[in-house]
Structures are given as structure tokens and as C-alpha cells.
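Enquirer: Structure below; questions to follow.
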Amino acid sequence: MNTSSTRLVALFALLAIAVVLPFAFDPRGYAIRILCLALLFAAMAQAWNIVAGLANQVSLGHAAFFGIGAYTSTLLLIHFGLSPWLGMIAGAVLGGLAALLISLPTMRLRGHYFALATLAFGEVMRVIANSWGGLTGGPVGISVPFAPPDLAMLQFKETRPYYWLMLAALVLVTTIFLAIKRSRLGYRLRAIKENADAAEVIGVDTTRTKIVAAVISGMITACLGTLYAQFQFFFDPDTVFGVASVSVRMAMIAIVGGIGTAAGPILGAFFVIPLEEFANQIFSAQAAGLSQLVFGLLLIAVILIEPRGFMAIGPRLKRLLAREKADG
Amino acid sequence: MAVVQAILDGLMIGGVYAVISIGLTLVFGVMGIVNFAQAEFLMLGMFVAYFAWAWLGLDPLLAAPLAFAVVFALGAALQRLLIRRVMKAPEVAQIFLTVGLLIVLENAALLMFGSGFRSVTTPYQTSSLQLGPLFVSVPYLAAFAMSVASGLALFLFMKSSWFGRAMRATAQDPMAAKLMGINADRMHMLAFALGVGLTAFGGAVILPYLTASPTVGAQFVVLMFTVVVLGGLGSVAGAVVGGLAVGVIQSLSALAFPIQLQNLVLFVVFIAVLALRPKGLLGAAR
Amino acid sequence: MAEPVLDITDISKRFGGLQALSKVSLSIASGEIVGLIGPNGAGKTTLFSTLVGLHRPDSGAVRLDGRHLVGLKPHRIAAAGMVKTFQNVALFLDSSVLDNVLTGGLMRHPVEGARDLARRCLERVGISAIAGKLARDLSFPERARVEVARALCTEPRVLLLDEAMAALNHVEMDEFMALLRQLRAEGLTLIVVEHHMRAIMSLCERLVVLNFGQVIATGTPAEISRDPAVVQAYLGRSAA
């Protein structure tokens, strides 16, 4: 009782700090943009976490949903002047449909096979976006048309409102993740993760459960794609459908922080994104590819040192200390 | 006649696909690991061959054994330093280790070689042979011939050398292999080195008709996985059949679809096979 | 005999060259405890797996309360009221005992209701004390009991127990048999695979003997122990 209420207080304090944090930064500066990206990627990793963390279905193709979200709202805005909020809903529907489409043939697959199939799906979406120039503008990319700054059109003059938007998105997605984790769906996903046959025998519809989770995760990821488009104003197929730039990055953030935990993706994002930007600042003047190289090396290092991420370090230290005490 | 020509072209390209994918399937068959970075070794093979041509004036076909040797050594080192440590780790760790390797190799190449495209010139580059109404491009034919030769060499190695037999034993039954005194760790190293080496060999032989760049691997990722999944992940014979099939599918779909959508056709085949016959069209044959 | 709750007719299943089940027919009355015995490899576990839908039989029919089950997925068969426990114990190892059992209740209840039901199931099986432990940290007999509690939490009409009493000591076994009798009294129908002859003889009013995938005898424990074909099946194996 006591610990849970102190936890709650700490959580609200943290949230309050997060809300006022942008006032400490130059509203037109670079640092606050990095914070925005960190929040956005935390939310994306959280969405990935729903399928990968709870059911252990490791997707390498979430960029497909992200790109669908970014392109859907942007194209609807360009051609019909539709508010990105409505575009976001349309994107979510398409993202959910795409998740359903890819889930149906791949649901029996596990581990390496599932990763392979999702990777191929993301790659094909990238190829289509690149080659269907008439719709997407092709490899040249696409710009979000300027509108009068307004919440209804999801455009702002300054970075702060974006920050709050991203923060709200992260809080929302994390809440959804926690709600799923504690719901029937969450228990069923964990049952599937740990023993799919046993889960079926005691009444878990494993196929349906996995599809529902994938569709939720795909819809959320598509919504975040719209946010990304509105924040960046310009993107191309290789950025929003990229394996390394989106799919692997989402996964890596969740893994670095702690796969399957709610805090993991947040910790991971606030470690990985600033580090990457930092590497970009230092290295990109010298050579293209160096910051990506750092990214890859970091991924390898995390996998080799602690594949369960930051969230596993606490318990690990505790065990170590307990052993020391027992020895001493 | 266009269809027959397309099938012939497809078989020529498919021979190369077979060899580069045998490397991938070998790694999976012996170690149980899907190497997501496999296509990067094809890129490295292309660059070894390119520099052998640029600096030593060596024809890429002659440089292919060199590409094999260099990447073989690199593969052995990577297995020793990295892959070995996740052999018993959860699948997530295995997947993301090789994904990390993919990112590192691609960007290391970008740093070292720059993002430009590099191609070689050979005397036979634009020549072709005529067989009645059909044409065979000489670079395609040469690459095909080299692929067949390397495939046969691998076959002989696996069948008749002690290492080859020990490696197959490790793939089939690691416990029994261990009891027979086979060092599984060493077999894994050999399989990984051999697997990436073969893929690099394939990269070298296609250099006469394809330009090298650090990002060339991305073009081959889905393709290679389609080949091995079609043939059955882990099956060498399957990779040969899968490679030829993918080559033919690709070149036939080029008749009907714009070039960018050929990948989509491959993807549909890939997903269909994964969903319907996850063990490959040939079943679980090894 | 009362109206059969479970009706198995001519079930056959082949794996490659092995005929695992051949034309197995059984009729189980509501509220019966039937013992399924036979030498190792006789097809007992395969029969259970086929009944709950993990394998699809090559031919034959299974009816639960008159409803055809062949071709249904395991979760549909569980919803119809038949579940099995796993001989090699298939718990969710990284979850707590309570969460393991609770998952069985989710089919018919929301999470809170399933949790209450799970607590009652743990109590019935006599393992309330370990509710908070991780399944991974349990001993083998404890795991087997969690397996039973989880199956009970699905509120089945027919429960298939695959060597649930293995590794229990005498006292535990007596408690467990009392539980099974109690469950039967409440209307549950049980099929029990067990190597422990003392247990099975005192528990079951009817035994079915499988050998090489075929039913070679059915009858009361007394009849079965005198049946020459059964004696031959067991002795023939051990002599060979």
C-alpha cells in the first residue's frame, strides 16, 4: 500500500516535470526537437512492445505501419485539405488493415521465421512507396503543406506544442500497453509467449489473440506516423519505411530499455535517441554513416552484455549485492 | 519466344542466386541462426573484387576466390567474437545481433568506400552468344558457370571431406556429433565462414554486370530469404532449386510488371510459401 | 449405462510409418472415472492429444454431448468442455502459479472473476500456499498439481489427466484421489492415464487398455487384471 502510493506520487512528480521541462529549453532550439523525437520513438517502441514484448512475436517490419500513417494523413491533407487528425484516423484504419493482412498468413510463424516475414513486408512497402511515384512522390519525398498554425490542423509555429503532443501520445500508448498487459488479452499473450500449445488447450484462441494484438499495435504505429509527418514536414520512403531508421530502431529502443516492460521503451528512447543525435553532431560532419555505425555497434553491445536491457540491471545488481552480503 | 528467352535469362541469374543463398542456408542448417546480415557479405565480396580489379587489374571472375578467402577469414573472426556468444541465447538476441551486424557492415562500408557506385569494365561486358533464336549474355553465362563450379566444389567438400561430413553431422545431431569427438564450436565457425565466403564469391562474379555500392545488400535481402524459404531453410539442395526458381520468377514477372514491382511478386511468393509450406517446397530435405 | 458424455468412434492416427492409433472406440458415461492404461508407447498420450484437438485424426469421430469435435481447434474443444493436462507439464514458466491457473479461467470469465476462480482451484488442489511462486521455481510434483488446477479453472465437463499423480508420495496421492472422487461427485467426467496401479485400481470403476494404438480390453479392474491379452501385453513387452 505504502510503496504503491509513493510510486504513484513519484510518477505524478515525474509527469509534472516532463510537462514543464520544455520551458527550460530554447523553444526554437535543437535540444527540444530531440526531446520530441525521443518521446515519439518511446511511444513507437511501446507500440512494438505490445506484440514483441508480450507475445514474443518479434517484428522487423513495423515501419510498414508507420509509413502508412505518415503517407495517408499527408496525402489526404494535400489532395483534400483534410485535417491530419482525421487523416490519422484514416491512417490508423489502413495501418490496422495492413496488420491484419500480414498477420493472416504469418500467424503460425514464430521466432526467426516471423521476423523474416515481417522484414520482407516492410521492405516491400518501401519498394512500393519508392516506385509508385504518382501517389507518393517517389524517392524524392513529400512535403506537408503549410497551414495556419492551429491544433485542429496539427501544425504549430513553435516546438513546445509538439512536445506536449508527443508527451501525451507517449502517456496514452503507455497506458494502453499497461491496460493490455493487465487485461485478458495480456494474460493470453503471455500464455502464448510461454507455451502456445498449452494456451490453446486451456481455451486461448491463439490465432485471434495474436491478430488482435498485431492490429492494435499496427494502428497505434500508424497514428504515430502521422505525428511524425506533421512534426518533420518532409519525409521520403526510405525514412518512414526504413528497416534501420524505423523498424529496427523501434525494436532496439525497447530492447535497450527492457523488452516487455512499460518503462523499458521510455528508458531506451531517452538513451538511444539523444546518443544518436550526439553522434550525429560529432561525426556527421566527418563522414556519413558514422552515427549509424555507432547505432549498430550499440545494438550489438546491448545484445551481448544484457539482452534484457536496462530494466534487468536493477534486479541483477540486487542479486549481486545480496550475494556479497551472504559471502561477507 | 520472349518467354523462353526470359526463362533462360532467369536460369542464368538464378544460378548466382543459388550460390549466394547456399551461404545463408548453410549457416541456418548448421547453427540454427538466420543471418540477417548475410547480404552484406555479398556487398563485401563485390568490393574485394572491385579493388582487385582497380588495383591489380584482376578480372572479377578471377578475383572471386580472393573475395571468398577474405570474407571467409572475416566470417571466422565474426563467428568467434560475436555469433558464438548468442548460440544459446533467446531468439530475440540472435535476431538482433545479426541485424546489428548488418547495420555495422553497411555503414562501415559507407565510411570506407563512400556512397558512390563503382563498376568494372571487362572486354566481354556487352558481348552475347547466339543460340538459334536465343541470346545468352556473356557476363551472365560466366557468372552462372562460376556459380555452378563453386556449388559443385561445395558439394564435393560436404560429401567427401572429413570437415564436410563432420559439419553435416553437427547439423543433424549436435549431441551425437559431440560424442563422436566433433568440436561443434569449430564446426559452427567453419560453417559461418564458409557460408559468408560463398555469398561473397557470388558477389564477385556478378560484379561484371552489377554496380557495387555499400547499400547494394538491401536489394538482395528479401531475394535471398525468398530463395532459402522456397527451398526450405537449411536445405542446400533446396537453395539451388529456390535460386533457379526465383531467377525465373523474377525474369518472367519482368515481362508483365514494371521493374519495381518485381520485388512485390517475389514477396507474394515468399509470404505464400512461408504461410503454406514453412518447411519449403521440397519439404524438410537436407 | 447412462447417456454417454463422450463418444469416440474409430479414431485412427498415423505419424509417418507409425500407426499411433487404430480404430479406437470408447464411450464414456457422464460422471465416470475411466482409467486408461497400457505399455509405454501404446498411444495414450496421442489419444489425449487427438481428443483435445492438438492432432487431427485421420479418420473417426469424437462427440461431446452429441457435438462433433473433429477438426475443431483446441480452444474450441476447451470451450465445449474438454481439456487435458500435459504429461511432461506445460506450464507458463515465467508466470506465477496464480497467473497460470487464472489463464485457464479467462475463457469464461473476466480477469477478476478468473482470479477468484483460480484461487478456489488452487485451494481445491491444495496448493494455495504456493500461489505467488513462479512456476519455474516449483518442484515437479508441485508443477503437476498446478497443471491440474489450471485445467480445472477452465470448468471442464470432461478432464483428461495425463500422469498427474507421477512423483506424488502416498499421502499426497490419497489426497489427490479424494479430490478426483469429489470432482466426480460434482459431475465431472474423468479419464486418467496412470502408471500407478494401486491408484488406478482403487480409483476407477472401468479400465481401458491400449496396446500398439488399439483397445485390447475394457472392463472392471478385477476383470482387466485377469485378462490374458492384457497380461500378455505387459509381460510380452517386458520379456522382450
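Chains: A, B, ... in order of the C-alpha cells. Residues: from 1 per chain. Ligands: from 1, in order shown.
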Mind dumping a table of every chain A residue within 8 Å of chain B, with the nearest atom pair and its distance in Å to one decimal, using only C-alpha atoms, sorted by chain and rising number, as JSON lines?

Expert:
{"residue": "A:Val58", "atom": "CA", "partner": "B:Val92", "partner_atom": "CA", "distance": 7.0}
{"residue": "A:Pro105", "atom": "CA", "partner": "B:Ala275", "partner_atom": "CA", "distance": 4.9}
{"residue": "A:Thr106", "atom": "CA", "partner": "B:Ala275", "partner_atom": "CA", "distance": 5.8}
{"residue": "A:Arg108", "atom": "CA", "partner": "B:Ala275", "partner_atom": "CA", "distance": 7.5}
{"residue": "A:Leu109", "atom": "CA", "partner": "B:Ala275", "partner_atom": "CA", "distance": 7.7}
{"residue": "A:Gly111", "atom": "CA", "partner": "B:Glu91", "partner_atom": "CA", "distance": 6.2}
{"residue": "A:His112", "atom": "CA", "partner": "B:Val34", "partner_atom": "CA", "distance": 6.5}
{"residue": "A:Tyr113", "atom": "CA", "partner": "B:Leu274", "partner_atom": "CA", "distance": 7.9}
{"residue": "A:Ala115", "atom": "CA", "partner": "B:Ile95", "partner_atom": "CA", "distance": 7.9}
{"residue": "A:Leu116", "atom": "CA", "partner": "B:Phe225", "partner_atom": "CA", "distance": 7.6}
{"residue": "A:Ala117", "atom": "CA", "partner": "B:Ile271", "partner_atom": "CA", "distance": 6.6}
{"residue": "A:Ala120", "atom": "CA", "partner": "B:Val222", "partner_atom": "CA", "distance": 5.7}
{"residue": "A:Phe121", "atom": "CA", "partner": "B:Phe267", "partner_atom": "CA", "distance": 7.5}
{"residue": "A:Glu123", "atom": "CA", "partner": "B:Val222", "partner_atom": "CA", "distance": 7.6}
{"residue": "A:Val124", "atom": "CA", "partner": "B:Leu264", "partner_atom": "CA", "distance": 6.1}
{"residue": "A:Val127", "atom": "CA", "partner": "B:Gln260", "partner_atom": "CA", "distance": 6.9}
{"residue": "A:Ile128", "atom": "CA", "partner": "B:Leu261", "partner_atom": "CA", "distance": 7.1}
{"residue": "A:Ser131", "atom": "CA", "partner": "B:Gln260", "partner_atom": "CA", "distance": 5.8}
{"residue": "A:Ala244", "atom": "CA", "partner": "B:Ile103", "partner_atom": "CA", "distance": 7.2}
{"residue": "A:Val248", "atom": "CA", "partner": "B:Val99", "partner_atom": "CA", "distance": 7.9}
{"residue": "A:Ala287", "atom": "CA", "partner": "B:Leu111", "partner_atom": "CA", "distance": 6.3}
{"residue": "A:Ala288", "atom": "CA", "partner": "B:Leu111", "partner_atom": "CA", "distance": 6.5}
{"residue": "A:Gly289", "atom": "CA", "partner": "B:Asn107", "partner_atom": "CA", "distance": 4.8}
{"residue": "A:Leu290", "atom": "CA", "partner": "B:Asn107", "partner_atom": "CA", "distance": 6.7}
{"residue": "A:Gln292", "atom": "CA", "partner": "B:Asn107", "partner_atom": "CA", "distance": 6.4}
{"residue": "A:Leu293", "atom": "CA", "partner": "B:Val104", "partner_atom": "CA", "distance": 5.0}
{"residue": "A:Val294", "atom": "CA", "partner": "B:Val104", "partner_atom": "CA", "distance": 7.8}
{"residue": "A:Phe295", "atom": "CA", "partner": "B:Ile103", "partner_atom": "CA", "distance": 7.9}
{"residue": "A:Gly296", "atom": "CA", "partner": "B:Gly100", "partner_atom": "CA", "distance": 4.7}
{"residue": "A:Leu297", "atom": "CA", "partner": "B:Val104", "partner_atom": "CA", "distance": 6.4}
{"residue": "A:Leu299", "atom": "CA", "partner": "B:Gly100", "partner_atom": "CA", "distance": 5.6}
{"residue": "A:Ile300", "atom": "CA", "partner": "B:Leu97", "partner_atom": "CA", "distance": 5.4}
{"residue": "A:Ile303", "atom": "CA", "partner": "B:Ala93", "partner_atom": "CA", "distance": 5.7}
{"residue": "A:Leu304", "atom": "CA", "partner": "B:Arg85", "partner_atom": "CA", "distance": 7.2}
{"residue": "A:Pro307", "atom": "CA", "partner": "B:Ala93", "partner_atom": "CA", "distance": 6.2}

Enquirer: For chain C, list the residues within 6 Å of chain A, counting only C-alpha atoms, and write the list as a PyMOL selection string.

Expert: chain C and resi 74-75+78+92+104+107+111

Enquirer: Show which residues sit within 7 Å of A:Pro27, as a PyMOL selection string. Count only C-alpha atoms, and ignore same-chain residues fewer than 3 positions away.

Expert: chain A and resi 32+158-160

Enquirer: Please produce a file of those selected residues containing all heavy atoms, as a PDB file, in the first residue's frame.

Expert:
ATOM      1  N   ILE A  32      15.158  20.733 -27.877  1.00  0.00           N
ATOM      2  CA  ILE A  32      13.756  20.386 -27.644  1.00  0.00           C
ATOM      3  C   ILE A  32      13.225  19.491 -28.769  1.00  0.00           C
ATOM      4  O   ILE A  32      12.363  18.631 -28.560  1.00  0.00           O
ATOM      5  CB  ILE A  32      12.898  21.663 -27.461  1.00  0.00           C
ATOM      6  CG1 ILE A  32      11.505  21.265 -26.948  1.00  0.00           C
ATOM      7  CG2 ILE A  32      12.806  22.474 -28.732  1.00  0.00           C
ATOM      8  CD1 ILE A  32      10.697  22.434 -26.468  1.00  0.00           C
ATOM      9  N   GLU A 158       5.837  26.915 -32.960  1.00  0.00           N
ATOM     10  CA  GLU A 158       6.949  26.580 -32.083  1.00  0.00           C
ATOM     11  C   GLU A 158       7.015  25.075 -31.846  1.00  0.00           C
ATOM     12  O   GLU A 158       6.108  24.337 -32.220  1.00  0.00           O
ATOM     13  CB  GLU A 158       6.784  27.294 -30.747  1.00  0.00           C
ATOM     14  CG  GLU A 158       7.008  28.787 -30.881  1.00  0.00           C
ATOM     15  CD  GLU A 158       7.060  29.433 -29.529  1.00  0.00           C
ATOM     16  OE1 GLU A 158       6.573  28.804 -28.557  1.00  0.00           O
ATOM     17  OE2 GLU A 158       7.577  30.552 -29.432  1.00  0.00           O
ATOM     18  N   THR A 159       8.066  24.675 -31.165  1.00  0.00           N
ATOM     19  CA  THR A 159       8.237  23.242 -30.941  1.00  0.00           C
ATOM     20  C   THR A 159       7.483  22.755 -29.712  1.00  0.00           C
ATOM     21  O   THR A 159       7.112  21.591 -29.625  1.00  0.00           O
ATOM     22  CB  THR A 159       9.737  22.909 -30.821  1.00  0.00           C
ATOM     23  OG1 THR A 159      10.408  23.565 -31.882  1.00  0.00           O
ATOM     24  CG2 THR A 159       9.976  21.422 -30.960  1.00  0.00           C
ATOM     25  N   ARG A 160       7.248  23.677 -28.740  1.00  0.00           N
ATOM     26  CA  ARG A 160       6.647  23.237 -27.477  1.00  0.00           C
ATOM     27  C   ARG A 160       5.333  22.470 -27.641  1.00  0.00           C
ATOM     28  O   ARG A 160       5.181  21.406 -27.047  1.00  0.00           O
ATOM     29  CB  ARG A 160       6.426  24.434 -26.556  1.00  0.00           C
ATOM     30  CG  ARG A 160       7.634  24.730 -25.701  1.00  0.00           C
ATOM     31  CD  ARG A 160       7.369  25.945 -24.849  1.00  0.00           C
ATOM     32  NE  ARG A 160       8.616  26.522 -24.412  1.00  0.00           N
ATOM     33  CZ  ARG A 160       8.749  27.813 -24.098  1.00  0.00           C
ATOM     34  NH1 ARG A 160       7.720  28.634 -24.213  1.00  0.00           N
ATOM     35  NH2 ARG A 160       9.911  28.266 -23.687  1.00  0.00           N
TER      36      ARG A 160
END

Enquirer: Write out as an NGL selection string each polymer residue whose atoms come within 6 Å of stretch 203-207 of chain B, counting only C-alpha atoms; drop sequence neighbours fewer than 4 positions from it.

Expert: :B and (42 or 45-46 or 49 or 60-61 or 64 or 143)

Enquirer: Hey, what's within 12 Å of C:Ser59 if we count only C-alpha atoms and toss same-chain stuff fewer than 2 positions away? As an MDAnalysis selection string, please?

Expert: chainID C and resid 8:14 21:25 50 55:57 61:62 70:71

Enquirer: Those residues with all heavy atoms, as a compact mmCIF listing (two decimals), in the first residue's frame please?

Expert:
# COMPACT_ATOMS: atom_id res chain seq x y z
N ILE C 8 -16.36 -41.77 -28.62
CA ILE C 8 -15.23 -41.84 -29.55
C ILE C 8 -15.46 -43.03 -30.47
O ILE C 8 -15.64 -44.15 -29.99
CB ILE C 8 -13.90 -42.03 -28.79
CG1 ILE C 8 -13.72 -40.93 -27.74
CG2 ILE C 8 -12.72 -42.06 -29.74
CD1 ILE C 8 -12.65 -41.24 -26.73
N THR C 9 -15.50 -42.77 -31.78
CA THR C 9 -15.72 -43.90 -32.70
C THR C 9 -14.62 -43.99 -33.74
O THR C 9 -14.39 -43.05 -34.50
CB THR C 9 -17.06 -43.75 -33.45
OG1 THR C 9 -17.49 -42.40 -33.37
CG2 THR C 9 -18.12 -44.65 -32.90
N ASP C 10 -13.93 -45.13 -33.73
CA ASP C 10 -12.98 -45.49 -34.79
C ASP C 10 -11.94 -44.42 -35.10
O ASP C 10 -11.67 -44.12 -36.26
CB ASP C 10 -13.73 -45.83 -36.09
CG ASP C 10 -14.48 -47.15 -35.97
OD1 ASP C 10 -14.13 -47.91 -35.03
OD2 ASP C 10 -15.38 -47.40 -36.77
N ILE C 11 -11.34 -43.86 -34.04
CA ILE C 11 -10.30 -42.85 -34.26
C ILE C 11 -9.00 -43.52 -34.71
O ILE C 11 -8.53 -44.46 -34.06
CB ILE C 11 -10.04 -42.09 -32.94
CG1 ILE C 11 -11.19 -41.14 -32.63
CG2 ILE C 11 -8.74 -41.32 -32.98
CD1 ILE C 11 -11.16 -39.90 -33.44
N SER C 12 -8.44 -43.06 -35.82
CA SER C 12 -7.13 -43.53 -36.27
C SER C 12 -6.21 -42.36 -36.50
O SER C 12 -6.65 -41.29 -36.91
CB SER C 12 -7.26 -44.32 -37.57
OG SER C 12 -8.01 -45.50 -37.36
N LYS C 13 -4.93 -42.56 -36.19
CA LYS C 13 -3.95 -41.51 -36.42
C LYS C 13 -2.62 -42.14 -36.77
O LYS C 13 -2.13 -43.03 -36.07
CB LYS C 13 -3.80 -40.64 -35.16
CG LYS C 13 -2.77 -39.53 -35.30
CD LYS C 13 -3.25 -38.45 -36.21
CE LYS C 13 -2.11 -37.54 -36.64
NZ LYS C 13 -2.56 -36.56 -37.64
N ARG C 14 -2.04 -41.70 -37.87
CA ARG C 14 -0.76 -42.24 -38.32
C ARG C 14 0.26 -41.11 -38.36
O ARG C 14 -0.03 -40.02 -38.82
CB ARG C 14 -0.94 -42.85 -39.71
CG ARG C 14 0.32 -43.30 -40.41
CD ARG C 14 -0.02 -43.91 -41.76
NE ARG C 14 -0.46 -45.29 -41.66
CZ ARG C 14 0.38 -46.34 -41.59
NH1 ARG C 14 1.66 -46.16 -41.63
NH2 ARG C 14 -0.09 -47.56 -41.48
N LEU C 21 -2.63 -44.64 -33.53
CA LEU C 21 -3.95 -45.05 -33.04
C LEU C 21 -4.64 -45.77 -34.16
O LEU C 21 -4.61 -45.31 -35.30
CB LEU C 21 -4.80 -43.84 -32.65
CG LEU C 21 -4.32 -42.95 -31.51
CD1 LEU C 21 -5.20 -41.72 -31.40
CD2 LEU C 21 -4.29 -43.71 -30.20
N SER C 22 -5.25 -46.93 -33.87
CA SER C 22 -6.01 -47.53 -34.95
C SER C 22 -7.40 -47.93 -34.46
O SER C 22 -7.55 -48.76 -33.58
CB SER C 22 -5.24 -48.67 -35.61
OG SER C 22 -5.29 -49.82 -34.87
N LYS C 23 -8.37 -47.28 -35.02
CA LYS C 23 -9.79 -47.56 -34.77
C LYS C 23 -10.12 -47.65 -33.29
O LYS C 23 -10.70 -48.62 -32.83
CB LYS C 23 -10.19 -48.85 -35.50
CG LYS C 23 -10.06 -48.71 -37.01
CD LYS C 23 -11.03 -49.63 -37.70
CE LYS C 23 -11.10 -49.31 -39.19
NZ LYS C 23 -12.38 -48.90 -39.63
N VAL C 24 -9.73 -46.64 -32.57
CA VAL C 24 -10.04 -46.61 -31.14
C VAL C 24 -11.48 -46.15 -30.96
O VAL C 24 -11.87 -45.11 -31.49
CB VAL C 24 -9.08 -45.66 -30.39
CG1 VAL C 24 -9.52 -45.50 -28.95
CG2 VAL C 24 -7.67 -46.19 -30.47
N SER C 25 -12.27 -46.94 -30.23
CA SER C 25 -13.65 -46.55 -29.93
C SER C 25 -13.86 -46.66 -28.43
O SER C 25 -13.43 -47.61 -27.80
CB SER C 25 -14.64 -47.46 -30.64
OG SER C 25 -14.58 -47.25 -32.03
N THR C 50 -5.16 -36.07 -29.44
CA THR C 50 -6.11 -36.08 -30.55
C THR C 50 -7.49 -35.64 -30.07
O THR C 50 -8.18 -34.87 -30.75
CB THR C 50 -6.19 -37.48 -31.18
OG1 THR C 50 -4.85 -37.92 -31.46
CG2 THR C 50 -6.98 -37.47 -32.47
N HIS C 55 -3.84 -32.89 -32.34
CA HIS C 55 -3.67 -33.62 -33.61
C HIS C 55 -5.05 -33.80 -34.22
O HIS C 55 -6.02 -33.97 -33.51
CB HIS C 55 -3.08 -35.02 -33.40
CG HIS C 55 -1.81 -35.04 -32.65
ND1 HIS C 55 -0.75 -34.24 -32.98
CD2 HIS C 55 -1.42 -35.76 -31.57
CE1 HIS C 55 0.23 -34.48 -32.15
NE2 HIS C 55 -0.14 -35.39 -31.27
N ARG C 56 -5.08 -33.83 -35.53
CA ARG C 56 -6.34 -34.13 -36.20
C ARG C 56 -6.33 -35.60 -36.60
O ARG C 56 -5.38 -36.05 -37.25
CB ARG C 56 -6.45 -33.26 -37.46
CG ARG C 56 -7.87 -33.18 -37.98
CD ARG C 56 -7.90 -32.66 -39.39
NE ARG C 56 -9.19 -33.01 -39.96
CZ ARG C 56 -10.14 -32.10 -40.20
NH1 ARG C 56 -9.92 -30.84 -39.99
NH2 ARG C 56 -11.30 -32.48 -40.67
N PRO C 57 -7.32 -36.37 -36.19
CA PRO C 57 -7.30 -37.79 -36.54
C PRO C 57 -7.47 -37.99 -38.05
O PRO C 57 -8.09 -37.17 -38.72
CB PRO C 57 -8.51 -38.36 -35.77
CG PRO C 57 -9.39 -37.19 -35.53
CD PRO C 57 -8.51 -36.00 -35.41
N ALA C 61 -14.62 -40.31 -35.43
CA ALA C 61 -15.40 -39.19 -34.92
C ALA C 61 -15.28 -39.10 -33.41
O ALA C 61 -15.06 -40.11 -32.72
CB ALA C 61 -16.87 -39.37 -35.31
N VAL C 62 -15.35 -37.87 -32.89
CA VAL C 62 -15.39 -37.64 -31.45
C VAL C 62 -16.61 -36.76 -31.19
O VAL C 62 -16.77 -35.73 -31.84
CB VAL C 62 -14.12 -36.91 -30.96
CG1 VAL C 62 -14.21 -36.65 -29.47
CG2 VAL C 62 -12.87 -37.71 -31.29
N VAL C 70 -14.17 -33.29 -34.12
CA VAL C 70 -13.02 -33.46 -35.03
C VAL C 70 -12.92 -32.25 -35.96
O VAL C 70 -13.91 -31.83 -36.56
CB VAL C 70 -13.15 -34.76 -35.84
CG1 VAL C 70 -12.11 -34.79 -36.97
CG2 VAL C 70 -12.96 -35.95 -34.93
N GLY C 71 -11.70 -31.70 -36.05
CA GLY C 71 -11.48 -30.54 -36.92
C GLY C 71 -11.55 -29.23 -36.17
O GLY C 71 -11.12 -28.20 -36.68

Enquirer: Compile the contact shell of C:Glu175 as a list in words: residues with an atom at most 12 Å away, counting only C-alpha atoms, same-chain residues fewer than 2 positions apart removed.

Expert: Arg124, Val125, Gly126, Ile127, Arg145, Met165, Leu168, Asn169, His170, Val171, Glu172, Met173, Met177, Ala178, Leu179, Leu180, Arg181, Gln182, Ala199 and Leu203 of chain C

Enquirer: Per DSSP on the backbone, what are the strand (DSSP E or B) residues of stretch 9-225 of chain C, as number ranges by chain?

Expert: C: 9-15, 18-29, 33-37, 59-64, 67-68, 82-84, 96, 134, 158-162, 189-193, 206-211, 214-219
